[in-house]
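One file, model_0.cif, carrying mmCIF, C-alpha atoms and all ligand atoms:
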data_protein
#
loop_
_atom_site.label_atom_id
_atom_site.label_comp_id
_atom_site.auth_asym_id
_atom_site.auth_seq_id
_atom_site.Cartn_x
_atom_site.Cartn_y
_atom_site.Cartn_z
CA MET A 1 -10.72 21.55 -24.05
CA THR A 2 -7.75 19.74 -22.60
CA THR A 3 -8.01 16.09 -21.66
CA PRO A 4 -7.56 15.53 -17.95
CA GLU A 5 -4.28 13.84 -17.20
CA PHE A 6 -4.18 10.29 -15.91
CA ARG A 7 -3.36 10.08 -12.23
CA SER A 8 -1.77 7.23 -10.32
CA GLY A 9 -0.43 6.59 -6.88
CA PHE A 10 -0.75 4.93 -3.52
CA ALA A 11 -3.22 5.20 -0.69
CA CYS A 12 -3.58 3.64 2.72
CA PHE A 13 -6.38 3.65 5.24
CA VAL A 14 -6.13 4.18 8.95
CA GLY A 15 -8.64 4.27 11.76
CA ARG A 16 -9.69 2.53 14.93
CA PRO A 17 -10.54 -1.16 14.87
CA ASN A 18 -13.92 -2.02 13.43
CA VAL A 19 -14.56 1.30 11.73
CA GLY A 20 -14.94 -0.38 8.36
CA LYS A 21 -11.49 0.00 6.80
CA SER A 22 -11.33 -3.50 5.36
CA THR A 23 -14.89 -3.39 4.09
CA LEU A 24 -14.23 -0.07 2.39
CA MET A 25 -10.96 -1.20 0.82
CA ASN A 26 -12.49 -4.40 -0.45
CA ALA A 27 -15.48 -2.55 -1.84
CA LEU A 28 -13.24 -0.04 -3.59
CA VAL A 29 -10.88 -2.42 -5.30
CA GLY A 30 -11.87 -4.07 -8.48
CA THR A 31 -9.21 -6.70 -8.26
CA LYS A 32 -7.95 -8.31 -5.16
CA VAL A 33 -4.24 -8.85 -5.12
CA ALA A 34 -3.42 -11.73 -2.89
CA ILE A 35 0.15 -11.69 -1.83
CA THR A 36 0.71 -15.28 -0.96
CA SER A 37 3.82 -15.39 1.06
CA ASN A 38 4.36 -18.25 3.43
CA ARG A 39 6.46 -15.74 5.28
CA PRO A 40 4.16 -12.79 5.64
CA GLN A 41 6.66 -10.90 7.77
CA THR A 42 8.86 -10.33 4.76
CA THR A 43 6.28 -8.49 2.73
CA ARG A 44 6.19 -5.22 4.52
CA ARG A 45 3.91 -3.22 2.33
CA ALA A 46 1.50 -5.65 0.87
CA ILE A 47 -0.68 -4.34 -1.88
CA ARG A 48 -4.23 -4.69 -0.78
CA GLY A 49 -5.79 -4.05 -4.10
CA ILE A 50 -5.96 -1.73 -7.04
CA VAL A 51 -8.72 0.62 -8.08
CA HIS A 52 -8.75 0.85 -11.87
CA ARG A 53 -10.54 3.81 -13.36
CA PRO A 54 -10.57 5.33 -16.82
CA ASP A 55 -8.79 8.40 -15.45
CA ALA A 56 -6.75 7.03 -12.59
CA GLN A 57 -5.18 4.07 -10.86
CA LEU A 58 -5.21 3.97 -7.09
CA VAL A 59 -3.04 1.34 -5.44
CA ILE A 60 -4.16 0.59 -1.92
CA VAL A 61 -1.42 -0.66 0.37
CA ASP A 62 -1.87 -2.34 3.68
CA THR A 63 -0.70 -0.48 6.70
CA PRO A 64 1.43 -2.86 8.73
CA GLY A 65 0.73 -2.60 12.40
CA LEU A 66 -2.87 -1.74 11.78
CA HIS A 67 -3.47 -5.43 11.71
CA ARG A 68 -2.66 -5.30 15.38
CA PRO A 69 -4.83 -2.33 16.07
CA ARG A 70 -5.31 -3.02 19.72
CA THR A 71 -1.63 -2.60 20.35
CA LEU A 72 -1.51 0.43 18.09
CA LEU A 73 -3.70 2.50 20.33
CA GLY A 74 -2.06 3.42 23.58
CA GLU A 75 1.39 2.96 22.13
CA ARG A 76 3.18 5.22 19.79
CA LEU A 77 2.58 4.56 16.16
CA ASP A 78 4.80 1.84 14.93
CA SER A 79 7.63 3.19 12.80
CA LEU A 80 6.46 0.98 9.98
CA VAL A 81 3.07 2.61 10.09
CA ARG A 82 4.74 5.99 10.02
CA GLY A 83 6.85 4.90 7.10
CA THR A 84 3.80 3.84 5.17
CA LEU A 85 1.97 7.05 5.95
CA THR A 86 4.73 9.20 4.54
CA GLU A 87 5.25 7.05 1.47
CA VAL A 88 1.73 7.02 0.16
CA ASP A 89 0.22 9.84 -1.84
CA VAL A 90 -2.98 10.05 0.15
CA ILE A 91 -4.23 8.70 3.48
CA GLY A 92 -7.85 7.80 4.20
CA PHE A 93 -8.70 8.36 7.86
CA CYS A 94 -11.83 6.39 8.68
CA VAL A 95 -14.25 7.38 11.44
CA PRO A 96 -17.62 5.64 11.68
CA ALA A 97 -20.81 7.68 11.39
CA ASP A 98 -22.60 5.74 14.10
CA GLU A 99 -20.20 6.18 17.02
CA LYS A 100 -19.29 9.36 18.82
CA VAL A 101 -15.80 10.63 18.08
CA GLY A 102 -13.68 9.24 20.89
CA ASP A 103 -10.20 9.12 22.35
CA GLY A 104 -9.07 6.55 19.78
CA ASP A 105 -10.06 8.79 16.88
CA ARG A 106 -8.46 11.81 18.53
CA TYR A 107 -5.26 9.87 19.10
CA ILE A 108 -5.01 8.88 15.45
CA ALA A 109 -5.93 12.40 14.33
CA ARG A 110 -3.06 13.79 16.42
CA GLU A 111 -0.66 11.28 14.94
CA LEU A 112 -1.83 12.13 11.44
CA ALA A 113 -1.29 15.82 12.11
CA GLN A 114 2.40 15.03 12.39
CA VAL A 115 2.59 13.36 9.02
CA LYS A 116 3.77 16.19 6.86
CA GLY A 117 3.37 16.28 3.15
CA THR A 118 0.73 13.61 2.70
CA PRO A 119 -2.87 14.79 2.31
CA VAL A 120 -5.37 13.11 4.63
CA VAL A 121 -8.96 12.58 3.53
CA ALA A 122 -11.32 12.06 6.44
CA ILE A 123 -13.85 9.38 5.56
CA VAL A 124 -17.01 9.02 7.61
CA THR A 125 -17.86 5.36 7.17
CA LYS A 126 -21.08 3.40 7.67
CA ALA A 127 -23.10 6.43 6.60
CA ASP A 128 -26.04 4.14 5.93
CA LYS A 129 -26.37 3.44 9.62
CA VAL A 130 -27.47 6.94 10.61
CA GLY A 131 -29.94 9.57 9.52
CA PRO A 132 -29.01 12.80 7.75
CA GLN A 133 -29.00 14.86 10.94
CA GLN A 134 -26.63 12.54 12.79
CA LEU A 135 -24.44 12.29 9.72
CA ALA A 136 -24.19 16.07 9.45
CA GLU A 137 -23.24 16.29 13.11
CA GLN A 138 -20.60 13.62 12.70
CA LEU A 139 -19.14 15.34 9.66
CA MET A 140 -18.76 18.48 11.74
CA ALA A 141 -17.23 16.59 14.65
CA VAL A 142 -14.71 14.90 12.34
CA ASN A 143 -13.99 18.19 10.62
CA ALA A 144 -13.06 19.63 14.01
CA LEU A 145 -10.60 16.78 14.62
CA GLY A 146 -7.96 18.05 12.27
CA ASP A 147 -6.96 19.75 9.09
CA TRP A 148 -8.25 17.42 6.41
CA ALA A 149 -7.69 17.74 2.70
CA ASP A 150 -11.27 16.60 2.23
CA ILE A 151 -14.02 15.06 4.23
CA VAL A 152 -16.46 12.61 2.70
CA PRO A 153 -19.16 10.25 3.91
CA VAL A 154 -19.45 6.76 2.52
CA SER A 155 -21.32 3.56 2.88
CA ALA A 156 -19.34 0.57 1.81
CA VAL A 157 -22.41 -1.59 1.84
CA GLY A 158 -24.19 0.46 -0.74
CA GLY A 159 -25.77 3.60 0.65
CA LEU A 160 -29.49 3.55 -0.03
CA GLY A 161 -28.77 0.74 -2.43
CA ALA A 162 -28.11 -1.48 0.56
CA GLN A 163 -31.71 -1.36 1.59
CA THR A 164 -32.97 -2.04 -1.88
CA GLY A 165 -30.49 -4.82 -2.47
CA GLN A 166 -28.60 -2.99 -5.19
CA SER A 167 -24.89 -3.37 -5.49
CA ALA A 168 -22.57 -1.02 -3.71
CA ARG A 169 -20.76 -0.07 -6.88
CA GLY A 170 -23.75 0.93 -8.90
CA GLY A 171 -25.68 1.98 -5.81
CA ASP A 172 -27.98 4.93 -6.07
CA GLY A 173 -27.37 5.95 -2.48
CA PRO A 174 -25.95 9.32 -1.61
CA TYR A 175 -22.78 7.94 -0.06
CA GLN A 176 -21.35 6.12 -3.00
CA LEU A 177 -17.97 4.54 -3.19
CA ASP A 178 -17.33 6.34 -6.45
CA VAL A 179 -17.26 9.63 -4.61
CA VAL A 180 -14.58 8.38 -2.22
CA ALA A 181 -12.60 7.07 -5.16
CA ASP A 182 -12.98 10.44 -6.92
CA VAL A 183 -11.77 12.35 -3.90
CA LEU A 184 -8.83 10.04 -3.24
CA THR A 185 -7.66 9.93 -6.83
CA GLY A 186 -7.94 13.73 -6.96
CA HIS A 187 -4.99 13.83 -4.58
CA LEU A 188 -2.78 11.58 -6.68
CA PRO A 189 -0.02 12.97 -8.85
CA GLU A 190 -0.32 12.82 -12.59
CA GLY A 191 1.33 9.77 -14.00
CA PRO A 192 0.78 6.58 -16.00
CA PRO A 193 -0.79 3.43 -14.51
CA LEU A 194 1.63 1.73 -12.14
CA TYR A 195 0.30 -1.76 -12.71
CA PRO A 196 -1.05 -3.39 -15.82
CA GLU A 197 -4.73 -4.15 -15.66
CA GLY A 198 -5.58 -7.81 -15.80
CA ASP A 199 -2.00 -8.86 -15.25
CA LEU A 200 -1.80 -8.50 -11.55
CA THR A 201 -0.84 -11.95 -10.46
CA ASP A 202 2.76 -11.50 -11.53
CA GLU A 203 3.27 -8.54 -9.30
CA PRO A 204 3.18 -10.29 -5.96
CA GLU A 205 5.73 -12.75 -7.24
CA GLN A 206 7.99 -9.92 -8.27
CA ILE A 207 7.60 -8.31 -4.89
CA LEU A 208 8.53 -11.54 -3.20
CA VAL A 209 11.49 -12.01 -5.51
CA ALA A 210 12.68 -8.54 -4.58
CA GLU A 211 12.24 -9.40 -0.91
CA PHE A 212 14.22 -12.61 -1.24
CA VAL A 213 17.06 -10.76 -2.93
CA ARG A 214 16.94 -8.01 -0.35
CA GLU A 215 17.08 -10.46 2.52
CA ALA A 216 19.95 -12.37 1.00
CA ALA A 217 21.82 -9.15 0.29
CA LEU A 218 21.41 -7.95 3.86
CA GLU A 219 22.42 -11.25 5.43
CA GLY A 220 25.39 -10.65 7.69
CA VAL A 221 25.87 -7.00 6.69
CA GLU A 222 22.95 -5.41 8.51
CA GLN A 223 25.45 -3.39 10.54
CA GLU A 224 27.23 -1.90 7.57
CA VAL A 225 24.26 -1.53 5.30
CA PRO A 226 21.30 -0.88 7.55
CA HIS A 227 18.09 -0.28 5.65
CA SER A 228 20.01 1.13 2.74
CA ILE A 229 19.04 -1.48 0.22
CA ALA A 230 16.21 -1.44 -2.24
CA VAL A 231 15.64 -4.10 -4.83
CA VAL A 232 13.85 -3.64 -8.11
CA VAL A 233 12.98 -6.51 -10.39
CA ASP A 234 13.48 -5.10 -13.88
CA GLU A 235 12.36 -8.10 -15.82
CA MET A 236 11.05 -11.52 -15.01
CA GLY A 237 9.66 -14.24 -17.25
CA PRO A 238 10.15 -17.67 -18.71
CA ARG A 239 13.08 -18.00 -21.07
CA PRO A 240 11.70 -18.40 -24.58
CA GLY A 241 11.31 -22.08 -25.37
CA ARG A 242 12.23 -23.10 -21.84
CA GLU A 243 9.17 -23.25 -19.61
CA ASP A 244 11.27 -24.79 -16.85
CA LEU A 245 13.56 -21.78 -16.56
CA THR A 246 12.75 -18.28 -15.36
CA ASP A 247 15.03 -15.37 -16.20
CA ILE A 248 15.14 -12.62 -13.63
CA TYR A 249 17.00 -9.34 -13.94
CA ALA A 250 17.13 -7.30 -10.77
CA HIS A 251 18.82 -4.18 -9.51
CA VAL A 252 20.07 -3.83 -5.97
CA PHE A 253 20.27 -0.17 -5.04
CA VAL A 254 22.46 1.09 -2.23
CA GLU A 255 23.08 4.61 -1.02
CA ARG A 256 26.86 4.79 -1.06
CA PRO A 257 29.80 3.41 -3.03
CA SER A 258 31.20 1.88 0.18
CA GLN A 259 28.03 -0.16 0.54
CA LYS A 260 28.25 -1.28 -3.03
CA ALA A 261 31.75 -2.59 -2.37
CA ILE A 262 30.55 -4.50 0.68
CA LEU A 263 27.69 -6.10 -1.21
CA ILE A 264 29.81 -7.16 -4.13
CA GLY A 265 32.69 -8.41 -2.03
CA ARG A 266 36.14 -9.45 -3.10
CA LYS A 267 36.10 -10.25 -6.81
CA GLY A 268 32.31 -10.44 -6.64
CA ALA A 269 32.37 -13.35 -4.21
CA ARG A 270 29.77 -12.01 -1.89
CA LEU A 271 27.33 -11.01 -4.62
CA ARG A 272 27.57 -14.55 -5.99
CA GLU A 273 26.62 -15.89 -2.57
CA VAL A 274 23.73 -13.47 -2.40
CA GLY A 275 22.57 -14.61 -5.81
CA THR A 276 22.82 -18.28 -4.94
CA SER A 277 20.96 -17.86 -1.68
CA ALA A 278 18.17 -15.76 -3.21
CA ARG A 279 17.93 -18.04 -6.23
CA LYS A 280 17.24 -21.09 -4.06
CA GLN A 281 14.37 -19.33 -2.37
CA ILE A 282 12.96 -18.05 -5.65
CA GLU A 283 13.20 -21.47 -7.27
CA ALA A 284 11.31 -22.97 -4.36
CA MET A 285 8.60 -20.36 -4.73
CA LEU A 286 8.26 -20.48 -8.51
CA GLY A 287 8.81 -24.19 -8.95
CA THR A 288 11.13 -23.58 -11.90
CA ARG A 289 14.84 -23.20 -12.29
CA VAL A 290 15.97 -19.62 -12.13
CA TYR A 291 18.62 -17.55 -13.82
CA LEU A 292 19.15 -14.55 -11.57
CA ASN A 293 21.09 -11.56 -12.84
CA LEU A 294 21.91 -9.07 -10.10
CA GLN A 295 23.32 -5.60 -10.64
CA VAL A 296 24.37 -3.37 -7.80
CA SER A 297 23.98 0.37 -8.30
CA VAL A 298 24.41 3.41 -6.13
CA ALA A 299 21.32 5.58 -5.94
CA LYS A 300 22.45 8.46 -3.85
CA ASP A 301 20.23 9.29 -0.90
CA TRP A 302 17.47 7.15 -2.27
CA GLN A 303 15.71 7.06 1.06
CA ARG A 304 15.13 10.76 1.09
CA ASN A 305 12.48 10.70 -1.57
CA PRO A 306 10.25 7.83 -0.62
CA LYS A 307 7.29 8.74 -2.75
CA GLN A 308 9.31 8.91 -5.88
CA LEU A 309 10.98 5.65 -5.01
CA ARG A 310 7.75 3.86 -4.42
CA ARG A 311 6.68 4.99 -7.82
CA LEU A 312 9.84 3.53 -9.25
CA GLY A 313 9.02 0.23 -7.66
CA PHE A 314 11.02 0.19 -4.46
CA TYR A 315 9.31 -1.87 -1.87
CA ASP A 316 11.07 -0.85 1.25
N1 LIG B 401 -23.83 -0.84 7.81
C1 LIG B 401 -22.53 -0.81 7.47
N2 LIG B 401 -21.68 -1.67 8.07
C2 LIG B 401 -20.37 -1.62 7.72
C3 LIG B 401 -19.89 -0.70 6.74
N3 LIG B 401 -18.56 -0.89 6.62
C4 LIG B 401 -18.22 -1.87 7.48
N4 LIG B 401 -19.30 -2.32 8.15
C5 LIG B 401 -19.34 -3.36 9.18
O1 LIG B 401 -18.52 -2.96 10.26
C6 LIG B 401 -17.79 -4.06 10.80
C7 LIG B 401 -16.30 -3.75 10.82
O2 LIG B 401 -15.82 -3.62 9.49
P1 LIG B 401 -14.31 -3.92 9.08
O3 LIG B 401 -14.20 -3.56 7.66
O4 LIG B 401 -13.91 -5.26 9.50
O5 LIG B 401 -13.56 -2.86 9.99
P2 LIG B 401 -11.98 -2.60 10.11
O6 LIG B 401 -11.84 -1.16 10.39
O7 LIG B 401 -11.28 -3.14 8.93
O8 LIG B 401 -11.64 -3.41 11.39
P3 LIG B 401 -10.19 -3.91 11.93
O9 LIG B 401 -9.75 -4.98 10.98
O10 LIG B 401 -10.54 -4.42 13.31
O11 LIG B 401 -9.31 -2.71 11.96
C8 LIG B 401 -18.15 -5.24 9.94
O12 LIG B 401 -19.15 -5.98 10.62
C9 LIG B 401 -18.70 -4.62 8.67
O13 LIG B 401 -19.66 -5.44 8.05
C10 LIG B 401 -20.84 0.18 6.11
O14 LIG B 401 -20.52 1.02 5.27
N5 LIG B 401 -22.13 0.07 6.52
#
Please express the file's structure as structure tokens.
Ligand SMILES: Nc1nc2c(ncn2[C@@H]2O[C@H](COP(=O)(O)OP(=O)(O)OP(=O)(O)O)[C@@H](O)[C@H]2O)c(=O)[nH]1
Amino acid sequence: MTTPEFRSGFACFVGRPNVGKSTLMNALVGTKVAITSNRPQTTRRAIRGIVHRPDAQLVIVDTPGLHRPRTLLGERLDSLVRGTLTEVDVIGFCVPADEKVGDGDRYIARELAQVKGTPVVAIVTKADKVGPQQLAEQLMAVNALGDWADIVPVSAVGGLGAQTGQSARGGDGPYQLDVVADVLTGHLPEGPPLYPEGDLTDEPEQILVAEFVREAALEGVEQEVPHSIAVVVDEMGPRPGREDLTDIYAHVFVERPSQKAILIGRKGARLREVGTSARKQIEAMLGTRVYLNLQVSVAKDWQRNPKQLRRLGFYD
């Protein structure tokens, strides 16, 4: 017998307002990852939480724009939402069991049909609120909405367990969270865990550091280098014996040599400015002094393979 490979990757959830996306995400994740930015606009793809399993790690990302769901419907999907949908490995499309499929659901289903290359799992939420007959009918109605990789009912409040006061996780109800997690992780590529378990609090800081560097690097050159920058923090930690000093090694990736030249500037002058500007922000956030080592590299056409890049740690 061969051991099943470990799987890892990213998921996001979409659906009309109030269909239970947040409840489901929170119920799924073992660890909440709070990204505490005082400038929330800068963190574009906040990690909502991580599902750790013996066989898989599922990283749930927030879908920007879905926090303003009332403007989402009726308008075209925000490009950021689109970006997120194509970057993740699997999308969970939530439709509640207790409301008839409506225009809002159909709208989102149509939009999802245009997202090529990312499997969509239709999730019928709040399954505990209806009887088996109504649930079966809703599953059929949702099935007719599109071409789903899977379709699965769930109750985030614990299936039958909800009525008996048992926890959602261990719940003995038929619509367990574990099943949703199984189905979602089944669509992830094989790969090692993307985040260390139990050491999650560093990650948001690294994301913010990358954002600070990215912002500083883009300052004043948005015309020449539009959206062509990705920043990866390679290493970050206190310098041994110096708790007041944090060493940070980061890579700034651009698409073309010409952009690299712009970022570095004459005799490295511009890159030094970028470093100084980013460092001030990072020092303010961390409350320590910071040594920031920036390297600029050309990663040709890095934007063309967003899934791979996300896996490598690009956050844009
Ligand atoms: N009975 C039951 N209620 C649920 C379930 N999931 C969510 N709810 C309730 O449905 C309501 C909406 O849930 P949310 O998780 O806030 O929905 P949402 O889709 O994140 O909403 P937006 O943030 O507006 O997009 C809340 O009152 C939840 O308590 C479920 O599985 N069963």
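Considering the residues A:Leu85, A:Ala217, A:Leu245, A:Val90 and counting only C-alpha atoms, Thr288 in chain A has its shortest atom-to-atom contact with A:Leu245.
Across the structure, CA of Ala210 in chain A and CA of Ile248 in chain A are spaced 10.2 Å apart.
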Inset, instruction - Select, from A:Thr86, A:Thr118, A:Thr125, A:Ser277, the residue with the minimum atom-to-atom distance to ligand LIG 401 (chain B), counting all atoms listed in the file. - result: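 Of all the options, A:Thr125 lies closest to ligand LIG 401 (chain B).
Considering the residues A:Leu271, A:Ala216, A:Val124, A:Ala250 and counting all atoms listed in the file, Asp98 in chain A has its shortest atom-to-atom contact with A:Val124.
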Inset, instruction - Enter the distance from CA of Pro132 in chain A to atom N4 of ligand LIG 401 (chain B), in Å, rounded to one decimal. - result: 18.0 Å
Inset, instruction - Grab me every residue within 6 Å of ligand LIG 401 (chain B), counting all atoms listed in the file, and send it over as a list in words. - result: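 Result of the 6 Å neighbour search around ligand LIG 401 (chain B): Pro17, Asn18, Val19, Gly20, Lys21, Ser22, Thr23, Thr125, Lys126, Asp128, Lys129, Ser155, Ala156 and Val157 of chain A.
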Inset, instruction - Would you mind listing what lies within 12 Å of Ala144 in chain A as a list in words, with only C-alpha atoms counted and same-chain residues fewer than 5 positions away left out? - result: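 Final neighbour list, sorted by chain and number: Val101, Asp105, Arg106, Ala109, Arg110, Ala122, Glu137, Gln138, Leu139 and Ile151 of chain A.
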Legend entry - Given all atoms listed in the file as the counted atoms, nearest of A:Leu208, A:Val14, A:Ala269, A:Val213 to Ile123 in chain A: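 Between A:Leu208, A:Val14, A:Ala269, A:Val213, the residue approaching Ile123 in chain A most closely is A:Val14.
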Inset, instruction - Kindly indicate which residue among A:Ser8, A:Gln281, A:Gln134, A:Gln259 lies nearest to Pro96 in chain A, using all atoms listed in the file for the distances. - result: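 Checking each of A:Ser8, A:Gln281, A:Gln134, A:Gln259 against Pro96 in chain A, counting all atoms listed in the file, the winner is A:Gln134.
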Legend entry - Shell around range 219-225 of chain A at 10 Å using only C-alpha atoms, local window under 3 positions removed, as a list in words: Val213, Arg214, Glu215, Ala216, Ser228, Ile229, Val254, Glu255, Arg256, Ser258, Gln259, Lys260, Ile262, Leu263, Val274 and Ser277 of chain A
Inset, instruction - Between CA of Gly117 in chain A and CA of Val183 in chain A, measure the distance and give it in Å to one decimal. - result: 17.2 Å
Legend entry - Using only C-alpha atoms: which of A:Met236, A:Val142, A:Val252, A:Val290 has the shortest distance to Cys94 in chain A: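 Result for the nearest residue to Cys94 in chain A: A:Val142.
If you count only C-alpha atoms and ignore residues fewer than 6 places along the chain from Leu286 in chain A, what sits within 10 Å of it is Glu205, Val209, Asp244, Leu245 and Thr246 of chain A.
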Complete the atom set of range 234-247 of chain A to N, CA and C atoms and return it as a compact mmCIF listing (two decimals), keeping the file's coordinate frame.
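Final file, result.txt:
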# COMPACT_ATOMS: atom_id res chain seq x y z
N ASP A 234 13.66 -5.80 -12.60
CA ASP A 234 13.48 -5.10 -13.88
C ASP A 234 12.69 -5.94 -14.87
N GLU A 235 12.97 -7.23 -14.82
CA GLU A 235 12.36 -8.10 -15.82
C GLU A 235 12.28 -9.49 -15.24
N MET A 236 11.19 -10.17 -15.53
CA MET A 236 11.05 -11.52 -15.01
C MET A 236 10.10 -12.28 -15.94
N GLY A 237 10.54 -13.44 -16.39
CA GLY A 237 9.66 -14.24 -17.25
C GLY A 237 10.34 -15.49 -17.70
N PRO A 238 9.56 -16.42 -18.24
CA PRO A 238 10.15 -17.67 -18.71
C PRO A 238 11.09 -17.41 -19.89
N ARG A 239 12.19 -18.14 -19.92
CA ARG A 239 13.08 -18.00 -21.07
C ARG A 239 12.38 -18.61 -22.28
N PRO A 240 12.39 -17.90 -23.40
CA PRO A 240 11.70 -18.40 -24.58
C PRO A 240 12.08 -19.86 -24.89
N GLY A 241 11.08 -20.68 -25.05
CA GLY A 241 11.31 -22.08 -25.37
C GLY A 241 11.72 -22.93 -24.18
N ARG A 242 11.82 -22.34 -23.02
CA ARG A 242 12.23 -23.10 -21.84
C ARG A 242 11.28 -22.81 -20.68
N GLU A 243 10.17 -23.51 -20.65
CA GLU A 243 9.17 -23.25 -19.61
C GLU A 243 9.69 -23.58 -18.21
N ASP A 244 10.77 -24.38 -18.16
CA ASP A 244 11.27 -24.79 -16.85
C ASP A 244 12.30 -23.82 -16.29
N LEU A 245 12.52 -22.71 -17.00
CA LEU A 245 13.56 -21.78 -16.56
C LEU A 245 13.04 -20.34 -16.58
N THR A 246 13.19 -19.67 -15.46
CA THR A 246 12.75 -18.28 -15.36
C THR A 246 13.96 -17.35 -15.33
N ASP A 247 13.97 -16.38 -16.21
CA ASP A 247 15.03 -15.37 -16.20
C ASP A 247 14.59 -14.18 -15.36
